[in-house]
Amino acid sequence: MLNTFVVYVENKPGVLTRVASLFRRRAFNIDSLTVGRTEKPEVSRMTITVDADRDQARRIEANLYKLVNVLLVENITTVPAIVRDLAMIKVAATHEARSHVLELAGVFRARVVDVAPESLIIEITGGEDKIDGLLEVLRPYGVLEMVRTGIVAMRRGNKPSSALSTSETLEQPEVDDDLSQSV
Amino acid sequence: MMKTGAQILWECVEREGVTHVFGYPGGAILPAYDALKHSKIHHVLVRHEQGATHMADGYARASGQVGVAVATSGPGATNMVTGIATAMLDSSPIVCITGQVGSKLIGSDAFQETDITGITLPITKHNYLVTHADELARTMREAFYVARSGRPGPVLIDITKDAQQSSCEFDWEAAKPQLPGYRPDLSPDQKEYEKALELIHSSKRPVILLGHGVIVSGAMREVRDLAERGGIPVALTLLGLGALPASHPLNLGMMGMHGEAWVNHTIQEADLLIALGMRFDDRVTGSLKTYATNAKKIHVEIDPAEINKNVKVDVALVGDLREVLNAMLPAIESIDRSEWLDFIDRLKGDSAVRDIQNLPDSGHLYAAHVINDLWREARGSNTVVVTDVGQHQMWEAQYYKHEEPRSLITSGGLGTMGFALPAAIGAKVARPEAEVWVVVGDGGFQMTMCELATMVQEKLKINIAIINNGFLGMVRQWQEFFYERNYQATPLLNPDFAKVAEAYGIRNATVTERSQVVPAVQMARQHQGPVLINFKVEQEDTVYPMVAAGAALHEMIRRPSPIVETAADE
């Protein structure tokens with residue numbers, strides 16, 4: 001089963017290598033890994049998805065904690081969370097096909113970010129299923145190029161990411177803005 | 001006060017309580033060596049950087065203190081890799097310091113540049129690249145702290161030449177470790193304690209599996225209390241030997257691939273395994289499918305990543321072994337388990353009779369005889385035996401009865417040939433009052449025998465027993481059992497070890513018969529300086545019993561009965 005980990009690490013050189021090396025060395029196969037800045041300059045945040053059973057997932061977490069630069073690991077696989085992937089899809093769109101492609105993009109709430117005489121670039125954000133769905137319907141028109149960022153994820157609700165949080169976390173109402181399954 | 005990086009380096013080493021370092025100079029570490037002149041640190045000049053790491057390791061294992069090895073960039077650093085991996089697998093606290101090319105040259109393939117932090121990433125507990133002098137003090141303090149705390153391990157610090165040369169303000173107090181993510185002090189839930197106690201109290205056939213963690217944590221007394229109060233027999237891993245005296249009535253001996261048959265049968269028959277500071281290595285479990293299938297398992301371990309890694313356990317107590325046992329001991333009920341202990345006694349059966357020790361002296365020399373006689377002569381509370389890897393290592397574990405922790409130093413996890421001599425040098429430096437014996441095969445000895453010069457230069461009194469069978473013996477044994485006696489690349493053409501010793505000015509003896517063993521050992525013990533004894537033993541002798549790799553723990557290749565002498569006698 002696919003597990004999603006949110007991993008907070010010290011923002012230092014080489015930390016990504018340490019994390020990636022750990023997964024390679026222990027023969028855990030990374031499905032997707034993203035890393036970026038957080039609200040704190042000294043902390044980076046990774047979202048890692050990896051195929052593992054429950055026991056393996058627990059050991060992955062324990063092994064991540066063995067890395068000195070890892071601050072906090074959360075396995076959010078089974079907790080309510082917002083999961084987002086971003087894709088840019090360059091699709092062949094000649095005169096006749098163009099309106100169909102635009103229509104499909106609209107249905108999926110995707111955006112057209114580049115228009116060329118023979119092709120379009122469509123940008124889509126959402127859960128992985130949603131992006132897979134758009135890809136499937138675009139494929140007959142000819143997908144020329146595609147890139148995906150890999151997923152980023154955040155736990156729902158006002159529960160802060162414990163150890164790192166400050167007391168200033170704002171109270172926010174829970175809003176169901178996850179539309180990824182709605183099309 | 002303003003100091004250079006090089007000065008800061010040694011001052012930090014001193015402040016960590018280290019008196020001796022093991023190293024080898026070179027271009028990129030020269031500024032550090034230059035500053036050594038004004039330091040109280042005693043530098044031991046090794047003959048190969050691998051030796052430096054094993055010496056630091058031996059120093060750490062003999063004393064419990066952090067060992068330090070120093071090398072230059074490039075080949076100096078890469079030569080350390082084997083020693084670092086050895087320390088990693090056996091959780092030995094060492095700090096390795098390497099020079100690196102100037103920070104502006106990094107990434108340019110400069111002369112003797114190598115990415116040693118990249119290379120050692122998977123075999124260090126943590127490592128650092130220091131490019132500025134002002135990072136050095138904090139990095140050094142962190143390195144020592146990480147190396148010795150929690151589950152100990154090797155830490156490498158790679159310091160660029162310019163970081164050694166440039167100056168900055170040095171303030172030890174202010175340079176406190178900043179390790180927000182490092183949590184070495186875990187402790188178990190109260191619930192887990194209750195579950196563990198319940199299992200222990202309801203068990204009729206429990207056995208304690210005692211590992212290296214007992215020695216690292218200093219929990220010898222607590223483990224003994226637990227065993228005695230509960231009437232629980234104790235099986236030991238190779239690295240656990242000595243943590244409970246071999247003469248203790250509840251001490252069964254070593255478990256695993258070359259453990260005695262009754263020890264492995266006890267584990268297979270048990271209804272509860274209490275694993276203390278051990279990690280269910282494949283060499284102690286045999287096939288996992290058939291391992292102690294009727295037993296519940298309690299795992300007391302400081303490293304949470306070891307829980308359920310190889311063997312699924314029923315209760316995990318993650319924390320420092322000594323603290324966990326101290327918390328548990330007051331609640332341990334004294335239970336009469338004499339039925340179980342009698343059963344184990346009966347398991348011993350004819351094993352003792354089959355023992356090669358009981359062979360009449362036919363004039364032939366067996367390694368087991370050498371080890372047993374060495375034990376009779378040299379045993380004492382302050383004798384340290386350092387073994388290499390292979391048949392002699394297993395015979396030592398079987399026939400030398402260790403009574404004290406830290407009296408056996410050996411490479412268990414990585415199985416590094418060439419470990420013994422340099423590790424013994426480190427042990428002798430750490431404990432100069434100890435009687436140190438190297439027990440080493442003729443193969444492994446030749447891997448690092450260049451360190452004889454280090455031993456002589458440092459005037460170290462170390463006794464070396466070469467168990468010389470003219471073969472890479474353990475590999476030959478595998479070829480005998482599993483490769484139809486196809487002895488490819490295992491016979492050795494050896495130098496005359498007596499002449500090798502003479503070349504270094506080391507007193508020596510060559511022993512070919514059992515009657516000569518004790519006089520040679522006595523000579524070595526009485527002589528002031530180092531002694532090398534070349535024991536020419538039976539060439540095709542075999543370590544019994546043996547659990548073949550991947551076989552079930554109870555399916556052992558047993559000693560032949562009655563013992564037959566090898567082909568040479570027929």
# chains A, B, ... in the order shown; residues from 1 in each chain; ligands from 1
call {"tool": "select_by_dssp", "arguments": {"residues": "segment 280-412 of chain B", "states": "alpha helix (DSSP H)", "output": "MDAnalysis selection string"}}
result
chainID B and resid 282:285 321:328 338:348 351:354 367:378 391:399
call {"tool": "interface_residues", "arguments": {"of": "chain A", "to": "chain B", "cutoff": "6 Å", "atoms": "only C-alpha atoms", "output": "mmCIF file with C-alpha atoms, in the first residue's frame"}}
result
data_model
loop_
_atom_site.group_PDB
_atom_site.id
_atom_site.type_symbol
_atom_site.label_atom_id
_atom_site.label_comp_id
_atom_site.auth_asym_id
_atom_site.auth_seq_id
_atom_site.Cartn_x
_atom_site.Cartn_y
_atom_site.Cartn_z
ATOM 1 C CA ARG A 59 10.443 0.943 10.221
ATOM 2 C CA ALA A 62 12.107 4.781 12.744
ATOM 3 C CA ASN A 63 14.943 4.823 10.223
ATOM 4 C CA VAL A 68 20.331 13.383 12.795
ATOM 5 C CA ASN A 69 18.913 16.133 10.546
ATOM 6 C CA VAL A 70 15.366 14.793 10.584
ATOM 7 C CA LEU A 71 13.159 16.793 12.938
#
call {"tool": "closest_residue", "arguments": {"among": "B:Lys296, B:Arg525, B:His265, B:Arg507", "to": "Ala552 of chain B", "atoms": "only C-alpha atoms"}}
result
B:His265
call {"tool": "residues_around", "arguments": {"residues": "Arg98 of chain A", "least_positions_apart": "2", "cutoff": "12 Å", "atoms": "only C-alpha atoms", "output": "number ranges by chain"}}
result
A: 91-96, 100-105, 112, 115-122, 138, 141-142
call {"tool": "residues_around", "arguments": {"residues": "Trp172 of chain B", "least_positions_apart": "6", "cutoff": "10 Å", "atoms": "only C-alpha atoms", "output": "number ranges by chain"}}
result
B: 8, 11-12, 15, 137-138, 141
call {"tool": "write_last_selection", "arguments": {"atoms": "C-alpha atoms", "output": "PDB file, in the first residue's frame"}}
result
ATOM      1  CA  ILE B   8      40.547  24.351  17.858  1.00  0.00           C
ATOM      2  CA  GLU B  11      41.626  21.542  21.932  1.00  0.00           C
ATOM      3  CA  CYS B  12      38.185  20.049  21.325  1.00  0.00           C
ATOM      4  CA  ARG B  15      38.260  18.591  26.117  1.00  0.00           C
ATOM      5  CA  ALA B 137      34.051  23.734  17.719  1.00  0.00           C
ATOM      6  CA  ARG B 138      30.330  23.080  17.588  1.00  0.00           C
ATOM      7  CA  ARG B 141      31.162  18.690  20.185  1.00  0.00           C
TER       8      ARG B 141
END
call {"tool": "select_by_dssp", "arguments": {"residues": "segment 277-347 of chain B", "states": "strand (DSSP E)", "output": "list of chain:residue names"}}
result
B:Lys296, B:Lys297, B:Ile298, B:His299, B:Val300, B:Glu301, B:Val315, B:Ala316, B:Leu317, B:Val318
call {"tool": "write_last_selection", "arguments": {"atoms": "C-alpha atoms", "output": "CSV table (one decimal), in the first residue's frame"}}
result
chain,number,residue,atom,x,y,z
B,296,LYS,CA,6.7,-15.0,22.6
B,297,LYS,CA,9.3,-12.3,22.2
B,298,ILE,CA,10.3,-9.3,24.3
B,299,HIS,CA,12.8,-7.0,22.7
B,300,VAL,CA,14.6,-4.4,24.8
B,301,GLU,CA,16.5,-2.2,22.4
B,315,VAL,CA,6.6,-6.5,23.3
B,316,ALA,CA,9.1,-3.9,22.5
B,317,LEU,CA,10.8,-1.8,25.2
B,318,VAL,CA,12.7,1.0,23.4
call {"tool": "atom_distance", "arguments": {"atom1": "atom CA of Gly150 of chain A", "atom2": "atom CA of Val35 of chain A"}}
result
9.7 Å
call {"tool": "decode", "arguments": {"residues": "segment 334-350 of chain B", "atoms": "N, CA and C atoms", "output": "compact mmCIF listing (two decimals), in the first residue's frame"}}
result
# COMPACT_ATOMS: atom_id res chain seq x y z
N SER B 334 10.32 -13.96 41.83
CA SER B 334 11.23 -15.08 41.77
C SER B 334 10.41 -16.35 41.52
N ILE B 335 10.78 -17.06 40.49
CA ILE B 335 10.00 -18.23 40.06
C ILE B 335 10.94 -19.43 39.95
N ASP B 336 10.47 -20.56 40.40
CA ASP B 336 11.27 -21.78 40.31
C ASP B 336 11.11 -22.38 38.92
N ARG B 337 12.18 -22.36 38.16
CA ARG B 337 12.09 -22.92 36.81
C ARG B 337 13.04 -24.10 36.65
N SER B 338 13.19 -24.86 37.75
CA SER B 338 14.19 -25.93 37.73
C SER B 338 13.86 -27.01 36.69
N GLU B 339 12.57 -27.18 36.43
CA GLU B 339 12.19 -28.19 35.42
C GLU B 339 12.79 -27.85 34.05
N TRP B 340 12.65 -26.58 33.70
CA TRP B 340 13.19 -26.06 32.42
C TRP B 340 14.72 -26.15 32.42
N LEU B 341 15.33 -25.80 33.53
CA LEU B 341 16.79 -25.82 33.60
C LEU B 341 17.31 -27.27 33.54
N ASP B 342 16.58 -28.19 34.16
CA ASP B 342 16.96 -29.60 34.08
C ASP B 342 16.85 -30.10 32.64
N PHE B 343 15.79 -29.68 31.98
CA PHE B 343 15.60 -30.07 30.59
C PHE B 343 16.80 -29.62 29.75
N ILE B 344 17.25 -28.37 29.99
CA ILE B 344 18.39 -27.84 29.23
C ILE B 344 19.65 -28.64 29.55
N ASP B 345 19.80 -28.99 30.81
CA ASP B 345 20.96 -29.80 31.19
C ASP B 345 21.00 -31.11 30.41
N ARG B 346 19.81 -31.70 30.27
CA ARG B 346 19.76 -32.96 29.53
C ARG B 346 20.06 -32.75 28.05
N LEU B 347 19.70 -31.55 27.51
CA LEU B 347 20.00 -31.24 26.11
C LEU B 347 21.50 -31.31 25.84
N LYS B 348 22.26 -31.00 26.86
CA LYS B 348 23.71 -30.98 26.66
C LYS B 348 24.20 -32.36 26.24
N GLY B 349 23.56 -33.40 26.76
CA GLY B 349 23.79 -34.76 26.32
C GLY B 349 25.24 -35.09 26.10
N ASP B 350 25.52 -35.60 24.92
CA ASP B 350 26.88 -36.06 24.66
C ASP B 350 27.76 -34.96 24.06
